[in-house]
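Heads up: the structure comes next, in structure tokens.
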Amino acid sequence: MSIIRANQLDAWEKCVDTGVHFMLGNYALVEGAISAGCNFFAGYPITPANEISERMSQRLPQVGGKFVQGEDELCSVFALAGASLAGAKVMTATASAGFNYMQEGLGYCYTIEAPIVIADVMRTRGDNFATYADVYQLRYGCSGDYEAIVVCPASVQELYDYTIWAFNLAEKYRNPVIVMSEATIALMRERLEIPTAEKIELFNRKYTTAAPADYLPFGAPENGCPDFAPLGKGYKTIYSLNPHNEKGGIDWDPDEFERLYKRVCGKIRENEDDICRTESFMMDDAEYAIVTYGSETRPSIEAAQMARESGIKVGVLKLCNIWPVPEKAIREVAGNVTKIFAVEMNMGRYVNEITRVAGGKCPVVSVTKNRGQIHTSAEIFRAIREETK
Amino acid sequence: MGEELKINPLRKFLRKEKLPHFFCAGCGCGQVLNYYTQALDALNMDPEKMLHIGGVGCTARIPIYLKTDMFHGVHGRTLAWATGVKMTQPDLPVVIFAGDGDLVSIGGNHMIQSCRRNLDVTVVMVNNMNFAMTGGQVAPTTPEESVTMTTPYGSGEPRFDVCRLAMAAGASHVERWTTAQPVQCKLAMERALQHKGFSLIEIVSQCPTHYGRYALKTGDPVKVMNYIQSNTYAKEQSERMTDEEKEGKLPLGMFICEEKPVYAGTNMAF
């Protein structure tokens, strides 16, 4: 893997629109992708993700990239796989119902270790209201063994920042990465500051230096990922979903199969410290903690402030990514507080992970809202007050 | 004097470690691989400098035997993969081997949209008239009334004429031949490899193991090939044949070969 700065991209001056903007969330995500060097996008219309495709169709030709509107989500996700293996940095955007269709291609990319980025602007089933109902689908939607990486921006600024992070993780670990968004932040306009290009650090996948005869397409160190070879240069790589050995040959061998998936999962599981990020707010003296993610973070911080004004010492642990589970940070919080509030915009899903990781060190209370809107701070505060009487 | 051992010169294109191949005795896929390597050789093309794509099925396994970069293992998405590749490496020749089930059943929408866009790829569709790898189920290309594993009383569905479908959708080069026509198959593949735009070469092929045994009550590949021969006709014969004579039969030949702009993304050139 090589590390570059965004000012080393081709047409970098057009890629990085440095300055302060008042921008739509979906547009900020596009700008993040372009700043990260994204040069291929394939998408299929779906609300509330349409502004991503629309802006991509405008921006990519300006920076020498290609835009494809596929005939469906399957075309989009497999075009991503093809373009990624051909060397492009690729992205698609969809919303829950469209993400359903992408599982097949996503599973292929996990297996043959193609870096792709998918933005899922999550929506309620059958309509376009805000929800985080699909947090488990992002992790468990595909058949077969794999580990997902899902980052969860909470603002327009983070839609930009986390999309760059997503591309970097995808390239570094040769794994699909999902940017989890939802209607509230996707369709909100707020301040976005785009840094100067030299301040943006980018990871690019590593290409092999081996000669074709010595190249092992799926040979990698334990818990690492293999080096790429370019297409059409004599490396004769077979990228098959079928069980394959280090040489890429399609063969059923229980030992090879076990080894392949141990590595495909291990490269994420064993690198959680590098992948996972959390942020703490008012946690130093907190007796209670809100553990939350994505756009629920902001009303949660306000609710914690309201609670503190009433004498209840509440802090917030924000999970910047929900998969892999930032277990260390959650476990530490569970050991330091008397109760955790798992705040989320669904019927109560990720609370299961938090409860599992808390491991009985403290009780975990599920604070849910499943009404197509994010929580208000007052709603969260009321839930805390009830539980801390 | 012992006879000198001769090795087929086209072996140079094949991955030795993958041989012998896994196709059933009498299957047409081996013939298609043979014709294809002949076409490569005639054009002096190097598969190592190309990308081959197979989806899922017997036909999808053909390129596994070639020394080449290859995508494989997902059903019906060959053209979707190719779309991404051609947008990124437009000069990389891409050849797809797809069965009839892969191309026009599960992959049907990708196929018609890629024809419409005139995606610059070669598609070799081996039409064995059924889903063979899964055990001989009915396909969109199965002749009406055929008995298959999922049509025990005979198929009640009319079949696709895939070449007509491709032409109607906008493909710029379309031909159909049978495995019993080695020279025609090889020349058609040569034309396809040289054609700029979407080429579909349909090769009607025998599946003695499944279509033969279930629909034709014979596992003899020659008998299945005879069946194919008597149920196809050279398109040049068309005018001399009555509608009754053509009923249920597929025309063979080159149907179209024209120059058209190739797909370069959804936007016009910036």
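Going by the structure tokens order, chains are called A, B, ..., each with residues numbered from 1, while ligands are numbered from 1 in the order shown.
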What parts of stretch 229-348 of chain A does DSSP call strand (DSSP E or B)? I'd like the answer as an MDAnalysis selection string. chainID A and resid 238:240 244 250 278:281 288:293 314:319 321:323 339:344
Excluding B:Glu157 and residues on its chain fewer than 2 positions from it, collect all residues at most 12 Å away from it, counting only C-alpha atoms, and give them as a PDB file with all heavy atoms, in the first residue's frame.
```
ATOM      1  N   VAL B 138     -35.383 -26.694 -17.329  1.00  0.00           N
ATOM      2  CA  VAL B 138     -35.835 -25.897 -18.473  1.00  0.00           C
ATOM      3  C   VAL B 138     -35.156 -24.517 -18.445  1.00  0.00           C
ATOM      4  O   VAL B 138     -34.895 -23.966 -17.384  1.00  0.00           O
ATOM      5  CB  VAL B 138     -37.381 -25.759 -18.468  1.00  0.00           C
ATOM      6  CG1 VAL B 138     -37.857 -24.878 -17.316  1.00  0.00           C
ATOM      7  CG2 VAL B 138     -37.898 -25.239 -19.808  1.00  0.00           C
ATOM      8  N   ALA B 139     -34.849 -23.982 -19.641  1.00  0.00           N
ATOM      9  CA  ALA B 139     -34.229 -22.656 -19.777  1.00  0.00           C
ATOM     10  C   ALA B 139     -35.082 -21.826 -20.737  1.00  0.00           C
ATOM     11  O   ALA B 139     -35.956 -22.374 -21.410  1.00  0.00           O
ATOM     12  CB  ALA B 139     -32.806 -22.804 -20.319  1.00  0.00           C
ATOM     13  N   PRO B 140     -34.814 -20.523 -20.820  1.00  0.00           N
ATOM     14  CA  PRO B 140     -35.577 -19.712 -21.786  1.00  0.00           C
ATOM     15  C   PRO B 140     -35.286 -20.112 -23.232  1.00  0.00           C
ATOM     16  O   PRO B 140     -35.956 -19.638 -24.145  1.00  0.00           O
ATOM     17  CB  PRO B 140     -35.093 -18.283 -21.523  1.00  0.00           C
ATOM     18  CG  PRO B 140     -34.441 -18.311 -20.195  1.00  0.00           C
ATOM     19  CD  PRO B 140     -33.908 -19.690 -20.012  1.00  0.00           C
ATOM     20  N   THR B 141     -34.290 -20.935 -23.446  1.00  0.00           N
ATOM     21  CA  THR B 141     -33.894 -21.371 -24.787  1.00  0.00           C
ATOM     22  C   THR B 141     -34.326 -22.809 -25.078  1.00  0.00           C
ATOM     23  O   THR B 141     -33.994 -23.347 -26.126  1.00  0.00           O
ATOM     24  CB  THR B 141     -32.364 -21.311 -24.884  1.00  0.00           C
ATOM     25  OG1 THR B 141     -31.849 -21.906 -23.693  1.00  0.00           O
ATOM     26  CG2 THR B 141     -31.855 -19.897 -25.000  1.00  0.00           C
ATOM     27  N   THR B 142     -35.033 -23.420 -24.145  1.00  0.00           N
ATOM     28  CA  THR B 142     -35.462 -24.807 -24.338  1.00  0.00           C
ATOM     29  C   THR B 142     -36.595 -24.858 -25.362  1.00  0.00           C
ATOM     30  O   THR B 142     -37.583 -24.133 -25.218  1.00  0.00           O
ATOM     31  CB  THR B 142     -35.964 -25.398 -23.002  1.00  0.00           C
ATOM     32  OG1 THR B 142     -34.925 -25.290 -22.041  1.00  0.00           O
ATOM     33  CG2 THR B 142     -36.374 -26.854 -23.153  1.00  0.00           C
ATOM     34  N   PRO B 143     -36.469 -25.703 -26.401  1.00  0.00           N
ATOM     35  CA  PRO B 143     -37.556 -25.805 -27.371  1.00  0.00           C
ATOM     36  C   PRO B 143     -38.880 -26.198 -26.699  1.00  0.00           C
ATOM     37  O   PRO B 143     -38.880 -26.990 -25.753  1.00  0.00           O
ATOM     38  CB  PRO B 143     -37.068 -26.901 -28.325  1.00  0.00           C
ATOM     39  CG  PRO B 143     -35.572 -26.864 -28.209  1.00  0.00           C
ATOM     40  CD  PRO B 143     -35.297 -26.502 -26.785  1.00  0.00           C
ATOM     41  N   GLU B 144     -39.956 -25.615 -27.197  1.00  0.00           N
ATOM     42  CA  GLU B 144     -41.276 -25.872 -26.630  1.00  0.00           C
ATOM     43  C   GLU B 144     -41.566 -27.373 -26.628  1.00  0.00           C
ATOM     44  O   GLU B 144     -41.150 -28.092 -27.536  1.00  0.00           O
ATOM     45  CB  GLU B 144     -42.328 -25.136 -27.474  1.00  0.00           C
ATOM     46  CG  GLU B 144     -43.446 -24.568 -26.651  1.00  0.00           C
ATOM     47  CD  GLU B 144     -44.286 -23.561 -27.444  1.00  0.00           C
ATOM     48  OE1 GLU B 144     -43.764 -22.947 -28.394  1.00  0.00           O
ATOM     49  OE2 GLU B 144     -45.470 -23.413 -27.094  1.00  0.00           O
ATOM     50  N   GLU B 145     -42.261 -27.805 -25.626  1.00  0.00           N
ATOM     51  CA  GLU B 145     -42.699 -29.192 -25.450  1.00  0.00           C
ATOM     52  C   GLU B 145     -41.586 -30.128 -24.978  1.00  0.00           C
ATOM     53  O   GLU B 145     -41.824 -31.313 -24.737  1.00  0.00           O
ATOM     54  CB  GLU B 145     -43.352 -29.755 -26.727  1.00  0.00           C
ATOM     55  CG  GLU B 145     -44.590 -28.962 -27.142  1.00  0.00           C
ATOM     56  CD  GLU B 145     -45.231 -29.464 -28.425  1.00  0.00           C
ATOM     57  OE1 GLU B 145     -44.955 -30.602 -28.844  1.00  0.00           O
ATOM     58  OE2 GLU B 145     -46.021 -28.690 -28.999  1.00  0.00           O
ATOM     59  N   SER B 146     -40.349 -29.606 -24.810  1.00  0.00           N
ATOM     60  CA  SER B 146     -39.260 -30.480 -24.355  1.00  0.00           C
ATOM     61  C   SER B 146     -39.501 -30.956 -22.930  1.00  0.00           C
ATOM     62  O   SER B 146     -39.927 -30.187 -22.065  1.00  0.00           O
ATOM     63  CB  SER B 146     -37.924 -29.723 -24.364  1.00  0.00           C
ATOM     64  OG  SER B 146     -37.569 -29.367 -25.668  1.00  0.00           O
ATOM     65  N   VAL B 147     -39.165 -32.205 -22.696  1.00  0.00           N
ATOM     66  CA  VAL B 147     -39.163 -32.736 -21.336  1.00  0.00           C
ATOM     67  C   VAL B 147     -37.803 -32.433 -20.711  1.00  0.00           C
ATOM     68  O   VAL B 147     -36.755 -32.732 -21.294  1.00  0.00           O
ATOM     69  CB  VAL B 147     -39.422 -34.257 -21.342  1.00  0.00           C
ATOM     70  CG1 VAL B 147     -39.184 -34.851 -19.949  1.00  0.00           C
ATOM     71  CG2 VAL B 147     -40.848 -34.548 -21.806  1.00  0.00           C
ATOM     72  N   THR B 151     -39.718 -29.777 -16.378  1.00  0.00           N
ATOM     73  CA  THR B 151     -40.903 -29.834 -17.248  1.00  0.00           C
ATOM     74  C   THR B 151     -41.186 -31.296 -17.574  1.00  0.00           C
ATOM     75  O   THR B 151     -41.087 -31.722 -18.725  1.00  0.00           O
ATOM     76  CB  THR B 151     -40.697 -29.018 -18.553  1.00  0.00           C
ATOM     77  OG1 THR B 151     -39.482 -29.460 -19.187  1.00  0.00           O
ATOM     78  CG2 THR B 151     -40.614 -27.537 -18.293  1.00  0.00           C
ATOM     79  N   TYR B 153     -43.824 -32.816 -17.927  1.00  0.00           N
ATOM     80  CA  TYR B 153     -44.938 -33.008 -18.877  1.00  0.00           C
ATOM     81  C   TYR B 153     -44.685 -32.266 -20.185  1.00  0.00           C
ATOM     82  O   TYR B 153     -45.579 -32.120 -21.002  1.00  0.00           O
ATOM     83  CB  TYR B 153     -46.250 -32.532 -18.249  1.00  0.00           C
ATOM     84  CG  TYR B 153     -46.453 -33.089 -16.858  1.00  0.00           C
ATOM     85  CD1 TYR B 153     -46.412 -32.257 -15.742  1.00  0.00           C
ATOM     86  CD2 TYR B 153     -46.644 -34.457 -16.658  1.00  0.00           C
ATOM     87  CE1 TYR B 153     -46.560 -32.768 -14.470  1.00  0.00           C
ATOM     88  CE2 TYR B 153     -46.788 -34.976 -15.381  1.00  0.00           C
ATOM     89  CZ  TYR B 153     -46.748 -34.133 -14.294  1.00  0.00           C
ATOM     90  OH  TYR B 153     -46.881 -34.644 -13.038  1.00  0.00           O
ATOM     91  N   GLY B 154     -43.466 -31.741 -20.368  1.00  0.00           N
ATOM     92  CA  GLY B 154     -43.147 -30.954 -21.557  1.00  0.00           C
ATOM     93  C   GLY B 154     -43.222 -29.474 -21.247  1.00  0.00           C
ATOM     94  O   GLY B 154     -44.079 -29.026 -20.473  1.00  0.00           O
ATOM     95  N   SER B 155     -42.318 -28.707 -21.831  1.00  0.00           N
ATOM     96  CA  SER B 155     -42.288 -27.268 -21.567  1.00  0.00           C
ATOM     97  C   SER B 155     -43.447 -26.568 -22.256  1.00  0.00           C
ATOM     98  O   SER B 155     -43.668 -26.747 -23.456  1.00  0.00           O
ATOM     99  CB  SER B 155     -40.968 -26.670 -22.061  1.00  0.00           C
ATOM    100  OG  SER B 155     -41.051 -25.264 -22.026  1.00  0.00           O
ATOM    101  N   ARG B 159     -39.674 -20.469 -26.684  1.00  0.00           N
ATOM    102  CA  ARG B 159     -38.277 -20.159 -26.373  1.00  0.00           C
ATOM    103  C   ARG B 159     -37.845 -18.845 -27.009  1.00  0.00           C
ATOM    104  O   ARG B 159     -38.465 -18.359 -27.950  1.00  0.00           O
ATOM    105  CB  ARG B 159     -37.376 -21.285 -26.854  1.00  0.00           C
ATOM    106  CG  ARG B 159     -37.266 -21.383 -28.373  1.00  0.00           C
ATOM    107  CD  ARG B 159     -36.130 -22.300 -28.759  1.00  0.00           C
ATOM    108  NE  ARG B 159     -36.256 -22.723 -30.149  1.00  0.00           N
ATOM    109  CZ  ARG B 159     -35.450 -23.603 -30.705  1.00  0.00           C
ATOM    110  NH1 ARG B 159     -34.493 -24.173 -30.000  1.00  0.00           N
ATOM    111  NH2 ARG B 159     -35.589 -23.946 -31.965  1.00  0.00           N
ATOM    112  N   PHE B 160     -36.742 -18.321 -26.491  1.00  0.00           N
ATOM    113  CA  PHE B 160     -36.105 -17.142 -27.063  1.00  0.00           C
ATOM    114  C   PHE B 160     -35.338 -17.525 -28.327  1.00  0.00           C
ATOM    115  O   PHE B 160     -34.657 -18.552 -28.343  1.00  0.00           O
ATOM    116  CB  PHE B 160     -35.050 -16.592 -26.101  1.00  0.00           C
ATOM    117  CG  PHE B 160     -35.489 -15.433 -25.266  1.00  0.00           C
ATOM    118  CD1 PHE B 160     -35.070 -15.321 -23.942  1.00  0.00           C
ATOM    119  CD2 PHE B 160     -36.286 -14.430 -25.794  1.00  0.00           C
ATOM    120  CE1 PHE B 160     -35.454 -14.246 -23.166  1.00  0.00           C
ATOM    121  CE2 PHE B 160     -36.680 -13.348 -25.015  1.00  0.00           C
ATOM    122  CZ  PHE B 160     -36.259 -13.261 -23.703  1.00  0.00           C
TER     123      PHE B 160
END
```
Just to confirm, what's the straight-line distance from atom CA of A:Thr209 to atom CA of A:Tyr235 in Å (one decimal)?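 Those two atoms sit 11.4 Å apart.
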Residues of chain B near chain A: apply a cut-off of 10 Å, count only C-alpha atoms, and supply the list as a VMD selection string. chain B and resid 15 17 to 18 46 to 56 63 to 64 66 to 89 91 to 94 107 109 to 110 112 to 114 264 to 270
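Using only C-alpha atoms, the smallest distance between any of A:Glu296, A:Glu171, A:Glu309, A:Glu302 and A:Ile374 comes from A:Glu296.
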Spatial neighbours of B:Gln194, max dist 12 Å, only C-alpha atoms, sep filter under 2 positions, as a list of chain:residue names: B:Ala39, B:Leu40, B:Ala42, B:Leu43, B:Asn44, B:Met45, B:Pro93, B:Val94, B:Val95, B:Asp120, B:Val121, B:Thr122, B:His173, B:Leu187, B:Ala188, B:Met189, B:Glu190, B:Arg191, B:Ala192, B:Lys196, B:Gly197, B:Phe198, B:Ser199, B:Cys257, B:Glu259
Stretch 90-257 of chain B: which residues are alpha helix (DSSP H) by DSSP, as a PyMOL selection string? chain B and resi 100+108-117+162-169+182-194+221-230+243-246
Taking C-alpha atoms for each residue, export the selection above as a short mmCIF file (atom, residue, chain, number, x, y, z; two decimals), in the first residue's frame.
```cif
data_model
loop_
_atom_site.label_atom_id
_atom_site.label_comp_id
_atom_site.auth_asym_id
_atom_site.auth_seq_id
_atom_site.Cartn_x
_atom_site.Cartn_y
_atom_site.Cartn_z
CA ASP B 100 -27.94 -19.64 -22.34
CA GLY B 108 -31.20 -11.16 -19.51
CA ASN B 109 -31.52 -7.52 -18.55
CA HIS B 110 -27.76 -6.96 -18.49
CA MET B 111 -27.60 -8.59 -21.91
CA ILE B 112 -30.22 -6.42 -23.61
CA GLN B 113 -28.88 -3.22 -22.03
CA SER B 114 -25.32 -4.07 -23.08
CA CYS B 115 -26.55 -4.68 -26.65
CA ARG B 116 -28.34 -1.33 -26.56
CA ARG B 117 -25.19 0.43 -25.37
CA VAL B 162 -31.40 -15.02 -28.70
CA CYS B 163 -29.89 -13.63 -31.92
CA ARG B 164 -33.15 -11.84 -32.80
CA LEU B 165 -33.31 -10.54 -29.25
CA ALA B 166 -29.75 -9.19 -29.44
CA MET B 167 -30.35 -7.51 -32.80
CA ALA B 168 -33.59 -5.93 -31.64
CA ALA B 169 -31.75 -4.61 -28.58
CA PRO B 182 -15.94 -25.88 -36.69
CA VAL B 183 -14.80 -23.62 -39.52
CA GLN B 184 -17.82 -21.35 -39.27
CA CYS B 185 -17.45 -21.13 -35.49
CA LYS B 186 -13.77 -20.27 -35.71
CA LEU B 187 -14.29 -17.62 -38.40
CA ALA B 188 -17.22 -16.12 -36.51
CA MET B 189 -15.07 -15.83 -33.39
CA GLU B 190 -12.31 -14.21 -35.43
CA ARG B 191 -14.77 -11.64 -36.74
CA ALA B 192 -16.06 -11.07 -33.22
CA LEU B 193 -12.58 -10.57 -31.77
CA GLN B 194 -11.86 -7.97 -34.44
CA PRO B 221 -23.71 -36.88 -28.47
CA VAL B 222 -23.84 -37.66 -32.18
CA LYS B 223 -27.58 -38.17 -32.03
CA VAL B 224 -27.99 -34.88 -30.19
CA MET B 225 -25.87 -33.13 -32.82
CA ASN B 226 -28.02 -34.70 -35.52
CA TYR B 227 -31.08 -33.36 -33.74
CA ILE B 228 -29.53 -29.88 -33.72
CA GLN B 229 -28.65 -30.17 -37.38
CA SER B 230 -32.18 -31.14 -38.36
CA ASP B 243 -43.07 -21.35 -42.90
CA GLU B 244 -44.03 -24.87 -41.96
CA GLU B 245 -40.52 -26.12 -42.70
CA LYS B 246 -39.01 -23.35 -40.58
#
```
Please provide as a list of chain:residue names all residues within 8 Å of A:Arg269, with the sequence filter that same-chain residues fewer than 3 positions apart are discarded (counting only C-alpha atoms).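 Contacts, in chain order: A:Glu147, A:Cys265, A:Gly266, A:Glu272, A:Pro324.
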When you draw a straight line from atom CA of B:Thr59 to atom CA of A:Ile116, how long is it in Å?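 According to the coordinates, atom CA of B:Thr59 and atom CA of A:Ile116 are separated by 28.1 Å.
What separates atom CA of A:Asp17 from atom CA of A:Phe167 is a distance of 17.9 Å.
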